[in-house]
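Visitor: Attaching a single structure in structure tokens format; questions to follow.
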Amino acid sequence: MAQGRRYWLMKSEPRVFSIDDLAQSPKQTTCWDGVRNYQARNFMREMAVGDQVFFYHSNAEPPAVVGIAEVARIAYPDQTQFDKTSHHYDAASVPSAPRWDMVDIRYRQTFNASLSLDRLRQEPKLKGMVLLQKGSRLSVQPVTESEWAVVLKLAGAKVS
DNA sequence: GCCAACGTTGGC
DNA sequence: GCCAACGTTGGC
């Protein structure tokens with residue numbers, strides 16, 4: 001295992017892009033465009049290839065961690081910021097100094113039983129998770145190694 | 001669909 | 001540099 005491999009959680013609305021969509025993408029890989037929050041962007045800039053990612057369904061019934069992906073490409077400019085026809089267009093960003101980045105993530109697995117937000121809240125060991133903090137809305141957030149292990153265990157997922 | 005919490009913008 | 005107004009996120 002690579003030293004210092006890190007763990008993250010990324011949110012997506014399943015009606016927009018679900019973990020099934022990721023699994024069915026070419027090479028089971030997608031670029032994570034559209035992030036327009038500086039904190040989330042900064043976390044993506046810290047990512048390394050091979051970092052592990054919990055795939056979280058937000059605005060879902062129920063909201064839940066549904067599986068695992070991994071970082072396949074480190075941060076690079078999100079082209080949608082320059083696309084006037086895109087929802088994510090940012091008139092204040094210029095190609096010589098792109099404001100917004102994205103990473104590529106690759107599908108790894110879908111949990112047999114997804115872990116609802118409710119279930120996660122019931123686990124004392126996960127009290128500190130960024131996801132569970134009051135008012136937390138970050139769409140890209142760090143997960144500690146111990147939180148990663150606890151969630152995996154709750155999911156009954158095979159550790160590889 | 002509501003609205004609390006949070007981030008961003010822009011007037012001053 | 002303060003802060004009110006506004007927009008967005010995302011659980012419920």
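To be explicit about the labels: the chains of the structure tokens are called A, B, and onward in the order shown, and within each one the residues are counted from 1, while ligands get numbers from 1 in the order they are shown.
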Which residues, written as a list in words, have at least one atom at most 12 Å from DC12 (chain B), with only C-alpha atoms (C1' of nucleotides) counted and residues fewer than 6 positions away on the same chain left out?

Guide: DG1, DC2, DC3 and DA4 of chain C

Visitor: For the residues in that selection, give me N, CA, C and O atoms (P, O5', C5', C4', C3', O3' and C1' of nucleotides) as a PDB file, in the first residue's frame.

Guide:
ATOM      1  P    DG C   1      -8.687  44.190   6.509  1.00  0.00           P
ATOM      2  O5'  DG C   1      -9.987  45.051   6.763  1.00  0.00           O
ATOM      3  C5'  DG C   1     -10.280  45.560   8.045  1.00  0.00           C
ATOM      4  C4'  DG C   1     -11.779  45.532   8.156  1.00  0.00           C
ATOM      5  C3'  DG C   1     -12.365  44.130   8.192  1.00  0.00           C
ATOM      6  O3'  DG C   1     -13.541  44.231   8.951  1.00  0.00           O
ATOM      7  C1'  DG C   1     -13.311  45.240   6.423  1.00  0.00           C
ATOM      8  P    DC C   2     -13.894  43.316  10.112  1.00  0.00           P
ATOM      9  O5'  DC C   2     -15.396  43.741  10.336  1.00  0.00           O
ATOM     10  C5'  DC C   2     -15.671  45.118  10.579  1.00  0.00           C
ATOM     11  C4'  DC C   2     -17.046  45.471  10.052  1.00  0.00           C
ATOM     12  C3'  DC C   2     -18.114  44.411  10.342  1.00  0.00           C
ATOM     13  O3'  DC C   2     -19.208  45.078  10.931  1.00  0.00           O
ATOM     14  C1'  DC C   2     -18.134  44.981   8.040  1.00  0.00           C
ATOM     15  P    DC C   3     -20.292  44.263  11.785  1.00  0.00           P
ATOM     16  O5'  DC C   3     -21.404  43.967  10.688  1.00  0.00           O
ATOM     17  C5'  DC C   3     -22.048  45.057  10.028  1.00  0.00           C
ATOM     18  C4'  DC C   3     -22.866  44.524   8.871  1.00  0.00           C
ATOM     19  C3'  DC C   3     -23.585  43.205   9.185  1.00  0.00           C
ATOM     20  O3'  DC C   3     -24.837  43.226   8.546  1.00  0.00           O
ATOM     21  C1'  DC C   3     -22.362  42.950   7.266  1.00  0.00           C
ATOM     22  P    DA C   4     -26.192  43.229   9.438  1.00  0.00           P
ATOM     23  O5'  DA C   4     -27.287  43.637   8.355  1.00  0.00           O
ATOM     24  C5'  DA C   4     -27.103  44.818   7.571  1.00  0.00           C
ATOM     25  C4'  DA C   4     -27.587  44.556   6.163  1.00  0.00           C
ATOM     26  C3'  DA C   4     -28.809  43.653   6.066  1.00  0.00           C
ATOM     27  O3'  DA C   4     -29.616  44.167   5.006  1.00  0.00           O
ATOM     28  C1'  DA C   4     -26.995  42.656   4.904  1.00  0.00           C
TER      29       DA C   4
END

Visitor: If the cut-off is 12 Å, can you tell me the residues of chain C near chain A, counting only C-alpha atoms (C1' of nucleotides)? I'd like them as number ranges by chain.

Guide: C: 8-12

Visitor: Include all heavy atoms and write out the residues we just selected as an mmCIF file, in the first residue's frame.

Guide:
data_model
loop_
_atom_site.group_PDB
_atom_site.id
_atom_site.type_symbol
_atom_site.label_atom_id
_atom_site.label_comp_id
_atom_site.auth_asym_id
_atom_site.auth_seq_id
_atom_site.Cartn_x
_atom_site.Cartn_y
_atom_site.Cartn_z
ATOM 1 P P DT C 8 -28.013 29.971 -6.979
ATOM 2 O OP1 DT C 8 -27.271 29.713 -8.221
ATOM 3 O OP2 DT C 8 -29.491 29.882 -6.934
ATOM 4 O "O5'" DT C 8 -27.446 29.018 -5.857
ATOM 5 C "C5'" DT C 8 -26.063 29.076 -5.522
ATOM 6 C "C4'" DT C 8 -25.776 28.016 -4.492
ATOM 7 O "O4'" DT C 8 -26.358 28.398 -3.225
ATOM 8 C "C3'" DT C 8 -26.345 26.622 -4.821
ATOM 9 O "O3'" DT C 8 -25.286 25.720 -4.629
ATOM 10 C "C2'" DT C 8 -27.490 26.448 -3.833
ATOM 11 C "C1'" DT C 8 -27.024 27.293 -2.653
ATOM 12 N N1 DT C 8 -28.065 27.865 -1.769
ATOM 13 C C2 DT C 8 -27.938 27.688 -0.416
ATOM 14 O O2 DT C 8 -27.025 27.063 0.097
ATOM 15 N N3 DT C 8 -28.917 28.289 0.341
ATOM 16 C C4 DT C 8 -29.989 29.026 -0.120
ATOM 17 O O4 DT C 8 -30.787 29.512 0.654
ATOM 18 C C5 DT C 8 -30.062 29.165 -1.557
ATOM 19 C C7 DT C 8 -31.184 29.931 -2.165
ATOM 20 C C6 DT C 8 -29.115 28.589 -2.300
ATOM 21 P P DT C 9 -25.450 24.194 -5.029
ATOM 22 O OP1 DT C 9 -24.183 23.860 -5.685
ATOM 23 O OP2 DT C 9 -26.763 23.943 -5.669
ATOM 24 O "O5'" DT C 9 -25.475 23.476 -3.618
ATOM 25 C "C5'" DT C 9 -24.484 23.782 -2.649
ATOM 26 C "C4'" DT C 9 -24.889 23.120 -1.359
ATOM 27 O "O4'" DT C 9 -26.003 23.821 -0.788
ATOM 28 C "C3'" DT C 9 -25.331 21.659 -1.497
ATOM 29 O "O3'" DT C 9 -24.551 20.943 -0.573
ATOM 30 C "C2'" DT C 9 -26.828 21.673 -1.193
ATOM 31 C "C1'" DT C 9 -26.950 22.896 -0.299
ATOM 32 N N1 DT C 9 -28.220 23.653 -0.270
ATOM 33 C C2 DT C 9 -28.708 24.063 0.952
ATOM 34 O O2 DT C 9 -28.159 23.787 2.002
ATOM 35 N N3 DT C 9 -29.856 24.816 0.882
ATOM 36 C C4 DT C 9 -30.540 25.189 -0.246
ATOM 37 O O4 DT C 9 -31.544 25.867 -0.159
ATOM 38 C C5 DT C 9 -29.981 24.723 -1.497
ATOM 39 C C7 DT C 9 -30.671 25.073 -2.768
ATOM 40 C C6 DT C 9 -28.865 23.984 -1.452
ATOM 41 P P DG C 10 -24.401 19.389 -0.640
ATOM 42 O OP1 DG C 10 -23.185 19.026 0.100
ATOM 43 O OP2 DG C 10 -24.597 18.977 -2.039
ATOM 44 O "O5'" DG C 10 -25.645 18.889 0.190
ATOM 45 C "C5'" DG C 10 -25.677 19.129 1.585
ATOM 46 C "C4'" DG C 10 -27.049 18.802 2.076
ATOM 47 O "O4'" DG C 10 -27.986 19.822 1.677
ATOM 48 C "C3'" DG C 10 -27.636 17.488 1.518
ATOM 49 O "O3'" DG C 10 -28.222 16.802 2.588
ATOM 50 C "C2'" DG C 10 -28.705 17.959 0.548
ATOM 51 C "C1'" DG C 10 -29.176 19.191 1.283
ATOM 52 N N9 DG C 10 -30.009 20.112 0.529
ATOM 53 C C8 DG C 10 -30.099 20.255 -0.825
ATOM 54 N N7 DG C 10 -30.971 21.159 -1.191
ATOM 55 C C5 DG C 10 -31.475 21.644 0.003
ATOM 56 C C6 DG C 10 -32.461 22.631 0.256
ATOM 57 O O6 DG C 10 -33.090 23.309 -0.556
ATOM 58 N N1 DG C 10 -32.682 22.814 1.613
ATOM 59 C C2 DG C 10 -32.032 22.116 2.615
ATOM 60 N N2 DG C 10 -32.370 22.428 3.875
ATOM 61 N N3 DG C 10 -31.108 21.193 2.394
ATOM 62 C C4 DG C 10 -30.887 21.007 1.074
ATOM 63 P P DG C 11 -28.256 15.278 2.695
ATOM 64 O OP1 DG C 11 -26.882 14.787 2.822
ATOM 65 O OP2 DG C 11 -29.122 14.740 1.654
ATOM 66 O "O5'" DG C 11 -28.968 15.124 4.089
ATOM 67 C "C5'" DG C 11 -28.546 15.933 5.195
ATOM 68 C "C4'" DG C 11 -29.753 16.359 5.998
ATOM 69 O "O4'" DG C 11 -30.499 17.380 5.291
ATOM 70 C "C3'" DG C 11 -30.751 15.236 6.273
ATOM 71 O "O3'" DG C 11 -31.216 15.410 7.607
ATOM 72 C "C2'" DG C 11 -31.844 15.476 5.246
ATOM 73 C "C1'" DG C 11 -31.859 16.987 5.146
ATOM 74 N N9 DG C 11 -32.318 17.499 3.859
ATOM 75 C C8 DG C 11 -31.898 17.105 2.616
ATOM 76 N N7 DG C 11 -32.475 17.758 1.643
ATOM 77 C C5 DG C 11 -33.331 18.634 2.278
ATOM 78 C C6 DG C 11 -34.226 19.601 1.747
ATOM 79 O O6 DG C 11 -34.437 19.868 0.558
ATOM 80 N N1 DG C 11 -34.919 20.288 2.748
ATOM 81 C C2 DG C 11 -34.755 20.061 4.084
ATOM 82 N N2 DG C 11 -35.512 20.813 4.889
ATOM 83 N N3 DG C 11 -33.920 19.172 4.604
ATOM 84 C C4 DG C 11 -33.241 18.491 3.643
ATOM 85 P P DC C 12 -31.957 14.260 8.392
ATOM 86 O OP1 DC C 12 -31.610 14.456 9.792
ATOM 87 O OP2 DC C 12 -31.703 12.971 7.704
ATOM 88 O "O5'" DC C 12 -33.481 14.632 8.198
ATOM 89 C "C5'" DC C 12 -34.000 15.799 8.828
ATOM 90 C "C4'" DC C 12 -35.317 16.147 8.230
ATOM 91 O "O4'" DC C 12 -35.125 16.637 6.892
ATOM 92 C "C3'" DC C 12 -36.257 14.962 8.033
ATOM 93 O "O3'" DC C 12 -37.049 14.799 9.217
ATOM 94 C "C2'" DC C 12 -37.110 15.372 6.851
ATOM 95 C "C1'" DC C 12 -36.397 16.575 6.263
ATOM 96 N N1 DC C 12 -36.182 16.473 4.806
ATOM 97 C C2 DC C 12 -36.908 17.328 3.980
ATOM 98 O O2 DC C 12 -37.694 18.140 4.491
ATOM 99 N N3 DC C 12 -36.730 17.252 2.642
ATOM 100 C C4 DC C 12 -35.877 16.364 2.130
ATOM 101 N N4 DC C 12 -35.737 16.329 0.815
ATOM 102 C C5 DC C 12 -35.134 15.483 2.961
ATOM 103 C C6 DC C 12 -35.314 15.561 4.282
#

Visitor: Using only C-alpha atoms (C1' of nucleotides), determine which residues lie at most 7 Å from Leu115 (chain A), disregarding the query and same-chain residues fewer than 6 positions distant; provide the list as a PyMOL selection string.

Guide: chain A and resi 64-66+155

Visitor: Could you pull out the residues in region 30-89 of chain A that DSSP calls strand (DSSP E) from the backbone, as a list in words?

Guide: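 Here are the strand (DSSP E) residues of region 30-89 of chain A: Thr30, Cys31, Gln52, Val53, Phe54, Phe55, Tyr56, His57, Ala64, Val65, Val66, Gly67, Ile68, Ala69, Glu70, Val71, Ala72, Arg73, Ile74, Ala75, Tyr76 and Pro77 of chain A.
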
Visitor: Keeping N, CA and C atoms, export the residues of the selection given above as a CSV table (one decimal), in the first residue's frame.

Guide:
chain,number,residue,atom,x,y,z
A,30,THR,N,-14.8,8.8,-14.3
A,30,THR,CA,-15.4,10.1,-14.7
A,30,THR,C,-14.6,11.3,-14.1
A,31,CYS,N,-14.8,12.4,-14.8
A,31,CYS,CA,-14.2,13.6,-14.2
A,31,CYS,C,-15.2,14.3,-13.3
A,52,GLN,N,-8.6,6.8,-1.7
A,52,GLN,CA,-9.9,6.1,-1.7
A,52,GLN,C,-11.0,7.0,-1.4
A,53,VAL,N,-12.1,6.8,-2.0
A,53,VAL,CA,-13.2,7.8,-1.9
A,53,VAL,C,-14.6,7.1,-1.6
A,54,PHE,N,-15.2,7.5,-0.5
A,54,PHE,CA,-16.6,7.1,-0.3
A,54,PHE,C,-17.5,7.8,-1.3
A,55,PHE,N,-18.4,7.1,-2.0
A,55,PHE,CA,-19.3,7.7,-2.9
A,55,PHE,C,-20.6,7.9,-2.1
A,56,TYR,N,-21.1,9.2,-2.0
A,56,TYR,CA,-22.2,9.5,-1.1
A,56,TYR,C,-23.4,10.0,-2.0
A,57,HIS,N,-24.6,9.5,-1.8
A,57,HIS,CA,-25.7,10.0,-2.5
A,57,HIS,C,-26.4,11.0,-1.6
A,64,ALA,N,-27.1,8.5,1.7
A,64,ALA,CA,-26.3,7.3,2.2
A,64,ALA,C,-24.9,7.2,1.4
A,65,VAL,N,-24.0,6.6,2.2
A,65,VAL,CA,-22.7,6.2,1.5
A,65,VAL,C,-23.1,4.9,0.8
A,66,VAL,N,-22.8,4.8,-0.5
A,66,VAL,CA,-23.3,3.7,-1.3
A,66,VAL,C,-22.1,2.9,-1.9
A,67,GLY,N,-20.9,3.3,-1.8
A,67,GLY,CA,-19.8,2.5,-2.3
A,67,GLY,C,-18.5,3.2,-2.3
A,68,ILE,N,-17.6,2.7,-3.1
A,68,ILE,CA,-16.2,3.2,-3.1
A,68,ILE,C,-15.7,3.5,-4.5
A,69,ALA,N,-15.0,4.6,-4.6
A,69,ALA,CA,-14.3,4.9,-5.8
A,69,ALA,C,-12.8,5.2,-5.4
A,70,GLU,N,-12.0,5.5,-6.4
A,70,GLU,CA,-10.6,5.9,-6.1
A,70,GLU,C,-10.2,7.0,-7.1
A,71,VAL,N,-9.3,7.8,-6.6
A,71,VAL,CA,-8.8,8.9,-7.4
A,71,VAL,C,-7.9,8.3,-8.6
A,72,ALA,N,-8.3,8.7,-9.8
A,72,ALA,CA,-7.6,8.1,-11.0
A,72,ALA,C,-6.7,9.2,-11.6
A,73,ARG,N,-6.9,10.4,-11.3
A,73,ARG,CA,-6.1,11.5,-11.9
A,73,ARG,C,-6.1,12.7,-11.0
A,74,ILE,N,-5.0,13.3,-10.7
A,74,ILE,CA,-4.9,14.4,-9.8
A,74,ILE,C,-5.6,15.6,-10.4
A,75,ALA,N,-5.7,16.6,-9.6
A,75,ALA,CA,-6.5,17.8,-10.0
A,75,ALA,C,-5.9,18.5,-11.2
A,76,TYR,N,-6.9,18.9,-12.1
A,76,TYR,CA,-6.6,19.6,-13.3
A,76,TYR,C,-7.7,20.5,-13.6
A,77,PRO,N,-7.6,21.5,-14.5
A,77,PRO,CA,-8.6,22.5,-14.7
A,77,PRO,C,-9.9,21.9,-15.2

Visitor: Which value, in Å to one decimal, gives the distance between CA of Lys27 (chain A) and CA of Tyr89 (chain A)?

Guide: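 Taking CA of Lys27 (chain A) as the start and CA of Tyr89 (chain A) as the end point, the length is 26.7 Å.
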
Visitor: Please provide the set of residues having any atom within 12 Å of His88 (chain A), restricted to only C-alpha atoms (C1' of nucleotides), with same-chain residues fewer than 2 positions apart removed, written as an MDAnalysis selection string.

Guide: chainID A and resid 33:37 78:86 90:93 99:101

Visitor: Would you work out the distance separating CA of Met44 (chain A) from CA of Pro95 (chain A), expressed in Å to one decimal?

Guide: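 Between these atoms lies a distance of 18.8 Å.
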
Visitor: Rounded to one decimal place, report the CA of Gly50 (chain A)-CA of Gln24 (chain A) distance in Å.

Guide: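 Value for the CA of Gly50 (chain A)-CA of Gln24 (chain A) distance: 20.0 Å.
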
Visitor: If we count only C-alpha atoms (C1' of nucleotides), what is near Lys127 (chain A) at a cut-off of 12 Å, once residues fewer than 5 positions away on the same chain are taken out, given as a VMD selection string?

Guide: chain A and resid 117 119 to 122 132 to 134 143 to 144 146 to 147 150 to 151

Visitor: Identify all residues of region 70-121 of chain A in helix (DSSP H, G or I) (DSSP on the backbone) and supply them as a VMD selection string.

Guide: chain A and resid 79 to 82 117 to 121

Visitor: Could you write out the selected residues, including N, CA and C atoms, as a PDB file, in the first residue's frame?

Guide:
ATOM      1  N   GLN A  79     -12.921  22.189 -17.266  1.00  0.00           N
ATOM      2  CA  GLN A  79     -13.195  22.957 -18.491  1.00  0.00           C
ATOM      3  C   GLN A  79     -14.569  23.637 -18.480  1.00  0.00           C
ATOM      4  N   THR A  80     -15.480  23.149 -17.658  1.00  0.00           N
ATOM      5  CA  THR A  80     -16.825  23.741 -17.678  1.00  0.00           C
ATOM      6  C   THR A  80     -16.819  25.186 -17.179  1.00  0.00           C
ATOM      7  N   GLN A  81     -15.750  25.588 -16.485  1.00  0.00           N
ATOM      8  CA  GLN A  81     -15.707  26.968 -16.000  1.00  0.00           C
ATOM      9  C   GLN A  81     -15.565  27.976 -17.142  1.00  0.00           C
ATOM     10  N   PHE A  82     -15.086  27.510 -18.297  1.00  0.00           N
ATOM     11  CA  PHE A  82     -14.894  28.396 -19.451  1.00  0.00           C
ATOM     12  C   PHE A  82     -16.012  28.251 -20.484  1.00  0.00           C
ATOM     13  N   LEU A 117     -27.382   7.921   6.216  1.00  0.00           N
ATOM     14  CA  LEU A 117     -26.927   8.975   7.116  1.00  0.00           C
ATOM     15  C   LEU A 117     -27.363   8.670   8.552  1.00  0.00           C
ATOM     16  N   ASP A 118     -28.596   8.212   8.699  1.00  0.00           N
ATOM     17  CA  ASP A 118     -29.120   7.826  10.010  1.00  0.00           C
ATOM     18  C   ASP A 118     -28.249   6.784  10.687  1.00  0.00           C
ATOM     19  N   ARG A 119     -27.920   5.767   9.914  1.00  0.00           N
ATOM     20  CA  ARG A 119     -27.103   4.671  10.451  1.00  0.00           C
ATOM     21  C   ARG A 119     -25.742   5.197  10.899  1.00  0.00           C
ATOM     22  N   LEU A 120     -25.152   6.065  10.093  1.00  0.00           N
ATOM     23  CA  LEU A 120     -23.844   6.617  10.433  1.00  0.00           C
ATOM     24  C   LEU A 120     -23.915   7.425  11.722  1.00  0.00           C
ATOM     25  N   ARG A 121     -25.007   8.160  11.893  1.00  0.00           N
ATOM     26  CA  ARG A 121     -25.158   8.980  13.096  1.00  0.00           C
ATOM     27  C   ARG A 121     -25.252   8.123  14.354  1.00  0.00           C
TER      28      ARG A 121
END
